[in-house]
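Comments concern the structure below.
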Amino acid sequence: APETPGPNVTGLAFDVVDIKRDKSGIGPPSIQSAANGDSVIIANMSPRMLIGLAYNVDLHDMIYGLPGWADSDGYDITAKVADADLNAFRRLLPRQRNPMLQPLLANRFHLKVHYEARVIPAYALVLTRGGSKLIPVEPALTPDSRRDPGGIERGRNRIIGVGANISVLSDVLSEQLGRPVVDRTGLPGHYNFTLQFAPAQVAVESQSDVGPSIFTAVVEQLGLKLQPTKTSMPVLVVDHIEKPSQN
């Protein structure tokens, strides 16, 4: 039987929701939620992106079954909580409020979903013949004396690892590439590194002027390689969705 998606872990739901089809087409999709506010304000966001936020599914290839309009239509949404829920709402970080979009999607888009395992395209992160160029460092410790996984600093077409393990690197490469990245390096340590690469939209013939592609940069700068592969992962499957009633 299909697995049921996780619940809205906040236990909160929006009290008043205003949804309109975005007609402006101006600006990228955005979501704003002030720490001391009472609402979440969304602009020009597609249903696919809304579902990704609600269920913490970052990658396009991990949501299946959506109709074309769920990618092409953008919506402006203002969703407010009731006064009785205001204190609980304000205790949540903006990202922690995203699961509250689950009941909104169910009520207004009539969304029904389930999880299932599927084999999907991915990249395997492996060592090159020359070996790793990562700089080993001693890991920092968390307050409870566990090894801190380290962090990533991101800039314009730049990824900087600070005491990061390979899992952290795989996650950030996955976000950059839009596909899962599976660690097959066998490297257990923590590392410093800098990865600089050309913007994805730059044509191949002009990359010599602005830097290497991310695939070339991973080889030349990290001593690693991204190989196309497939992996079995739980994906979110949409059983039903409708265009929302607007108000």
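Chain labels A, B, ... are given in the sequence in which chains occur in the structure tokens; within each chain residues are numbered consecutively from 1, and ligands are likewise numbered from 1 in the order shown.
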
Which residues of range 206-231 of chain A come within 10 Å of range 170-181 of chain A, and what is each one's closest atom pair and distance in Å (one decimal), counting only C-alpha atoms, sorted by chain and residue number, as CSV?
```
residue,atom,partner,partner_atom,distance
A:Ile214,CA,A:Leu177,CA,8.8
A:Phe215,CA,A:Leu177,CA,9.8
A:Val218,CA,A:Leu173,CA,9.7
A:Leu226,CA,A:Val181,CA,8.2
A:Gln227,CA,A:Val181,CA,9.3
A:Pro228,CA,A:Val181,CA,9.3
A:Thr229,CA,A:Val181,CA,9.2
A:Lys230,CA,A:Pro180,CA,9.0
A:Thr231,CA,A:Pro180,CA,8.2
```

Could you pull the residues within 6 Å of Val162 in chain A, counting only C-alpha atoms, minus those fewer than 3 positions along the same chain, as a VMD selection string?
-> chain A and resid 150 to 151 192

Figure out the distance between CA of Pro29 in chain A and CA of Ile63 in chain A, please, to one decimal in Å.
->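 Computing the Euclidean distance for CA of Ile63 in chain A and CA of Pro29 in chain A yields 18.2 Å.
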
DSSP-assigned alpha helix (DSSP H) among range 41-154 of chain A, expressed as a VMD selection string | chain A and resid 47 to 55 69 to 72 86 to 90 101 to 108

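The closest residue to Ser232 in chain A, picked from A:Leu93, A:Val16, A:Ile120, A:Ile152 and counting only C-alpha atoms, is A:Ile120.
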
Tell me which protein, DNA and RNA residues are within 7 Å of Leu111 in chain A, counting only C-alpha atoms, leaving out same-chain ones fewer than 4 positions away, and put them as a list in words.
-> Leu105, Ala106, His240 and Ile241 of chain A

Would you save the residues from that selection as a PDB file, in the first residue's frame, using C-alpha atoms?
```pdb
ATOM      1  CA  LEU A 105      -2.996  22.656  -0.652  1.00  0.00           C
ATOM      2  CA  ALA A 106      -5.456  19.961   0.432  1.00  0.00           C
ATOM      3  CA  HIS A 240      -5.111  14.407  -7.523  1.00  0.00           C
ATOM      4  CA  ILE A 241      -4.865  18.187  -7.886  1.00  0.00           C
TER       5      ILE A 241
END
```

Leaving out Met62 in chain A and any residue of its chain fewer than 4 positions from it, which residues lie within 8 Å of it when counting only C-alpha atoms, given as an MDAnalysis selection string?
-> chainID A and resid 57:58 234:236

Which of range 20-180 of chain A DSSP labels strand (DSSP E), written as number ranges by chain | A: 20-21, 30-32, 39-45, 63-64, 75-80, 112-127, 135-137, 151-155, 158-165

Give me, please, the distance in Å between CA of Gly65 in chain A and CA of Val237 in chain A, quoted to one decimal.
->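 Separating CA of Gly65 in chain A from CA of Val237 in chain A is a distance of 5.8 Å.
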
For Pro188 in chain A, list every protein, DNA or RNA residue within 10 Å, evaluated using only C-alpha atoms, and leave out those in the same chain fewer than 6 positions away; present the list as a ChimeraX atom specification.
-> /A:165-167

Selected residues written out with N, CA and C atoms, as a compact mmCIF listing (two decimals), in the first residue's frame:
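Contents of part_38.txt, as written:
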```txt
# COMPACT_ATOMS: atom_id res chain seq x y z
N ASN A 165 31.77 17.38 5.76
CA ASN A 165 31.92 16.00 5.32
C ASN A 165 31.33 15.83 3.92
N ILE A 166 31.52 14.65 3.34
CA ILE A 166 31.12 14.45 1.95
C ILE A 166 29.60 14.47 1.79
N SER A 167 28.88 14.11 2.85
CA SER A 167 27.42 14.17 2.79
C SER A 167 26.94 15.60 2.57
```

Would you list the contacts of Leu101 in chain A as a ChimeraX atom specification, taking every protein, DNA or RNA residue within 9 Å and counting only C-alpha atoms, but skipping same-chain residues closer than 6 positions in sequence?
-> /A:8,13-14,50-51,53-55

Output file for the residues above (all heavy atoms, as a PDB file, in the first residue's frame):
```pdb
ATOM      1  N   ASN A   8       1.358  17.501   8.923  1.00  0.00           N
ATOM      2  CA  ASN A   8       1.745  18.879   9.172  1.00  0.00           C
ATOM      3  C   ASN A   8       2.270  18.950  10.598  1.00  0.00           C
ATOM      4  O   ASN A   8       1.507  19.050  11.558  1.00  0.00           O
ATOM      5  CB  ASN A   8       0.529  19.785   8.967  1.00  0.00           C
ATOM      6  CG  ASN A   8       0.751  21.198   9.466  1.00  0.00           C
ATOM      7  OD1 ASN A   8       1.892  21.635   9.639  1.00  0.00           O
ATOM      8  ND2 ASN A   8      -0.328  21.909   9.703  1.00  0.00           N
ATOM      9  N   ALA A  13      -2.702  25.516  11.321  1.00  0.00           N
ATOM     10  CA  ALA A  13      -3.258  25.720   9.987  1.00  0.00           C
ATOM     11  C   ALA A  13      -3.609  27.197   9.832  1.00  0.00           C
ATOM     12  O   ALA A  13      -3.862  27.895  10.825  1.00  0.00           O
ATOM     13  CB  ALA A  13      -4.495  24.855   9.782  1.00  0.00           C
ATOM     14  N   PHE A  14      -3.603  27.651   8.597  1.00  0.00           N
ATOM     15  CA  PHE A  14      -3.947  29.042   8.346  1.00  0.00           C
ATOM     16  C   PHE A  14      -5.445  29.254   8.511  1.00  0.00           C
ATOM     17  O   PHE A  14      -6.254  28.396   8.168  1.00  0.00           O
ATOM     18  CB  PHE A  14      -3.509  29.451   6.945  1.00  0.00           C
ATOM     19  CG  PHE A  14      -2.017  29.471   6.772  1.00  0.00           C
ATOM     20  CD1 PHE A  14      -1.392  28.539   5.955  1.00  0.00           C
ATOM     21  CD2 PHE A  14      -1.233  30.402   7.427  1.00  0.00           C
ATOM     22  CE1 PHE A  14      -0.019  28.549   5.780  1.00  0.00           C
ATOM     23  CE2 PHE A  14       0.141  30.414   7.273  1.00  0.00           C
ATOM     24  CZ  PHE A  14       0.751  29.484   6.452  1.00  0.00           C
ATOM     25  N   LEU A  50       5.078  25.020  -4.613  1.00  0.00           N
ATOM     26  CA  LEU A  50       4.327  25.024  -3.353  1.00  0.00           C
ATOM     27  C   LEU A  50       4.359  23.642  -2.691  1.00  0.00           C
ATOM     28  O   LEU A  50       4.563  23.518  -1.487  1.00  0.00           O
ATOM     29  CB  LEU A  50       2.875  25.437  -3.611  1.00  0.00           C
ATOM     30  CG  LEU A  50       2.623  26.905  -3.956  1.00  0.00           C
ATOM     31  CD1 LEU A  50       1.202  27.079  -4.472  1.00  0.00           C
ATOM     32  CD2 LEU A  50       2.862  27.784  -2.735  1.00  0.00           C
ATOM     33  N   ILE A  51       4.167  22.617  -3.504  1.00  0.00           N
ATOM     34  CA  ILE A  51       4.202  21.248  -2.981  1.00  0.00           C
ATOM     35  C   ILE A  51       5.596  20.922  -2.458  1.00  0.00           C
ATOM     36  O   ILE A  51       5.750  20.312  -1.398  1.00  0.00           O
ATOM     37  CB  ILE A  51       3.774  20.251  -4.079  1.00  0.00           C
ATOM     38  CG1 ILE A  51       2.303  20.458  -4.429  1.00  0.00           C
ATOM     39  CG2 ILE A  51       4.007  18.803  -3.627  1.00  0.00           C
ATOM     40  CD1 ILE A  51       1.859  19.735  -5.695  1.00  0.00           C
ATOM     41  N   LEU A  53       7.788  22.977  -1.194  1.00  0.00           N
ATOM     42  CA  LEU A  53       7.952  23.643   0.099  1.00  0.00           C
ATOM     43  C   LEU A  53       7.173  22.917   1.194  1.00  0.00           C
ATOM     44  O   LEU A  53       7.687  22.677   2.287  1.00  0.00           O
ATOM     45  CB  LEU A  53       7.467  25.095   0.011  1.00  0.00           C
ATOM     46  CG  LEU A  53       8.359  26.082  -0.731  1.00  0.00           C
ATOM     47  CD1 LEU A  53       7.655  27.432  -0.851  1.00  0.00           C
ATOM     48  CD2 LEU A  53       9.694  26.255  -0.016  1.00  0.00           C
ATOM     49  N   ALA A  54       5.932  22.570   0.893  1.00  0.00           N
ATOM     50  CA  ALA A  54       5.060  21.965   1.905  1.00  0.00           C
ATOM     51  C   ALA A  54       5.590  20.634   2.412  1.00  0.00           C
ATOM     52  O   ALA A  54       5.495  20.322   3.604  1.00  0.00           O
ATOM     53  CB  ALA A  54       3.651  21.785   1.331  1.00  0.00           C
ATOM     54  N   TYR A  55       6.171  19.840   1.506  1.00  0.00           N
ATOM     55  CA  TYR A  55       6.619  18.500   1.858  1.00  0.00           C
ATOM     56  C   TYR A  55       8.140  18.369   1.905  1.00  0.00           C
ATOM     57  O   TYR A  55       8.667  17.256   1.992  1.00  0.00           O
ATOM     58  CB  TYR A  55       6.032  17.478   0.883  1.00  0.00           C
ATOM     59  CG  TYR A  55       4.539  17.303   1.067  1.00  0.00           C
ATOM     60  CD1 TYR A  55       3.629  18.051   0.315  1.00  0.00           C
ATOM     61  CD2 TYR A  55       4.030  16.423   2.015  1.00  0.00           C
ATOM     62  CE1 TYR A  55       2.261  17.909   0.497  1.00  0.00           C
ATOM     63  CE2 TYR A  55       2.666  16.273   2.206  1.00  0.00           C
ATOM     64  CZ  TYR A  55       1.793  17.020   1.446  1.00  0.00           C
ATOM     65  OH  TYR A  55       0.437  16.882   1.631  1.00  0.00           O
TER      66      TYR A  55
END
```

Measure the distance from CA of Arg118 in chain A to CA of Tyr64 in chain A in Å and round it to one decimal.
-> 10.2 Å
